[in-house]
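Asks: Following this message is one structure expressed as structure tokens.
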Amino acid sequence: MQQVTAVNRVRYPKMSMSEGLQSSLFFESPEEIFARVFRELKPRTPVPDLRVDFCQFANADSFIRLNDGRLHVRMSDLLSGAPAPVLEALAHILLGKLYRRPIARQYNHRYRLYLNRKDVRRQAQIVRQARGRKFISGPQGEHYNLDQIFERLNAAHFDGLLGRPELGWSRRRARHMLGHFDPAHNAIILSRILDQKTVPEIAVEYVMFHEMLHLRHPVEHNGARRCVHTKEFRADEKQFPRLKEAKEYLKRL
Ligand SMILES: [Zn+2]
């Protein structure tokens, strides 16, 4: 919050009180901000047709393109809530790059100050986790097909009612994590170490079954406590036939 006040102090067009009160300058749309900065940079050129879109990027990148005399700005929706002076700074940076004009330091500084704000950084991290690309191999392994295993277990233990998430094999043959459910990508990933003919089917099924229970039993939040394997989860897991045998095998893997 402190930084926002600092940012607001940066030079803004001066105006008298009465002018300021009725001026729409304080409520400029992103397009109006870009048009104003454009006029500042190129006073003799008519402002082109201009469009600003906020997109669901995985990071805070922004792009500007001049196409057929139209300016198209695409920026992360992380910036859709940014204060006007921040968008103004970004307009200076993007238009300055596009027209190869030197960018005043204050604009780079103001923009960076905003991105470095603690709340903005935290939100950027959440967005990156949720939208970042994730490698999902697809269900067909060398030896096992995860779609088939999922549907067999779905029919046997869930009345066929579980929606099938993305299924895939991990890139590495991890031993420490044999499977995980990733709610951000709605994906169940099994370790590739399980995709071998020497691994009995019951072991692969058990790992898949465990991850499927995560679909049925979402993580519970109790104050600051977070419970992943709830009592109900554990009770359901015991329903797995030959549970002991599967666990014994995985221990020796
Ligand atoms: Zn688990």
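Every chain in the structure tokens has a letter given in the order shown (A, B, ...), and although residue numbers restart at 1 in each chain, ligands are simply numbered from 1 in the order shown.
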To check your reading of the model: which residues sit at most 9 Å from ligand 1 when counting only C-alpha atoms and all ligand atoms? Write the answer as a PyMOL selection string.

Replies: chain A and resi 179-181+210-211+213-214+228-229+233

Asks: Mind writing the picked residues with C-alpha atoms as a JSON list (two decimals), in the first residue's frame?

Replies:
[["chain", "number", "residue", "atom", "x", "y", "z"],
["A", 179, "GLY", "CA", 1.66, -40.82, -7.63],
["A", 180, "HIS", "CA", 0.02, -37.49, -7.10],
["A", 181, "PHE", "CA", -3.19, -35.70, -7.85],
["A", 210, "HIS", "CA", -5.21, -43.81, -3.70],
["A", 211, "GLU", "CA", -5.06, -40.84, -6.09],
["A", 213, "LEU", "CA", -9.66, -41.11, -3.47],
["A", 214, "HIS", "CA", -8.16, -37.62, -3.56],
["A", 228, "VAL", "CA", -5.01, -34.35, 3.11],
["A", 229, "HIS", "CA", -5.77, -37.87, 4.26],
["A", 233, "PHE", "CA", -10.17, -41.08, 3.18]]

Asks: Could you pull the residues within 12 Å of A:Met177, counting only C-alpha atoms, minus those fewer than 2 positions along the same chain, as a PyMOL selection string?

Replies: chain A and resi 169-170+172-175+179-181+189-194+207+211+250+253

Asks: Take the residues from that selection and put them in a file with C-alpha atoms, as a JSON list (two decimals), in the first residue's frame.

Replies:
[["chain", "number", "residue", "atom", "x", "y", "z"],
["A", 169, "TRP", "CA", 3.21, -40.88, -16.35],
["A", 170, "SER", "CA", 5.89, -38.82, -14.67],
["A", 172, "ARG", "CA", 11.31, -39.48, -14.13],
["A", 173, "ARG", "CA", 11.15, -42.86, -12.54],
["A", 174, "ALA", "CA", 10.59, -41.39, -9.09],
["A", 175, "ARG", "CA", 10.56, -43.68, -6.07],
["A", 179, "GLY", "CA", 1.66, -40.82, -7.63],
["A", 180, "HIS", "CA", 0.02, -37.49, -7.10],
["A", 181, "PHE", "CA", -3.19, -35.70, -7.85],
["A", 189, "ILE", "CA", 0.30, -38.55, -12.48],
["A", 190, "LEU", "CA", 1.89, -41.91, -11.69],
["A", 191, "SER", "CA", 5.61, -42.48, -11.42],
["A", 192, "ARG", "CA", 7.07, -44.07, -14.53],
["A", 193, "ILE", "CA", 8.84, -46.55, -12.30],
["A", 194, "LEU", "CA", 5.49, -48.38, -12.07],
["A", 207, "VAL", "CA", -1.45, -46.16, -6.38],
["A", 211, "GLU", "CA", -5.06, -40.84, -6.09],
["A", 250, "LEU", "CA", 5.65, -50.99, -3.14],
["A", 253, "LEU", "CA", 10.21, -51.29, -5.09]]

Asks: Using DSSP on the backbone, list every residue of stretch 12-237 of chain A that comes out as strand (DSSP E or B), and give them as a PyMOL selection string.

Replies: chain A and resi 49-55+62-67+70-76+140+145+166-169+179-182+187-190+220-222+225-227

Asks: Nearest residue to A:Met208 out of A:Ala156, A:Leu167, A:Ala124, A:Cys227, using only C-alpha atoms?

Replies: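 Going through A:Ala156, A:Leu167, A:Ala124, A:Cys227 one by one, the smallest distance to A:Met208 is for A:Leu167.
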
Asks: Any idea what's packed within 7 Å of stretch 89-97 of chain A, counting only C-alpha atoms, ignoring anything in its chain fewer than 4 positions away? Could you give it as a ChimeraX atom specification?

Replies: /A:34,37,64,85,101-103,107-108,110-111

Asks: Find, counting only C-alpha atoms, the residue in A:Glu88, A:Thr198, A:Arg252, A:Ala60 that gets nearest to A:Arg36.

Replies: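 Ranked by minimum distance to A:Arg36, first place goes to A:Glu88.
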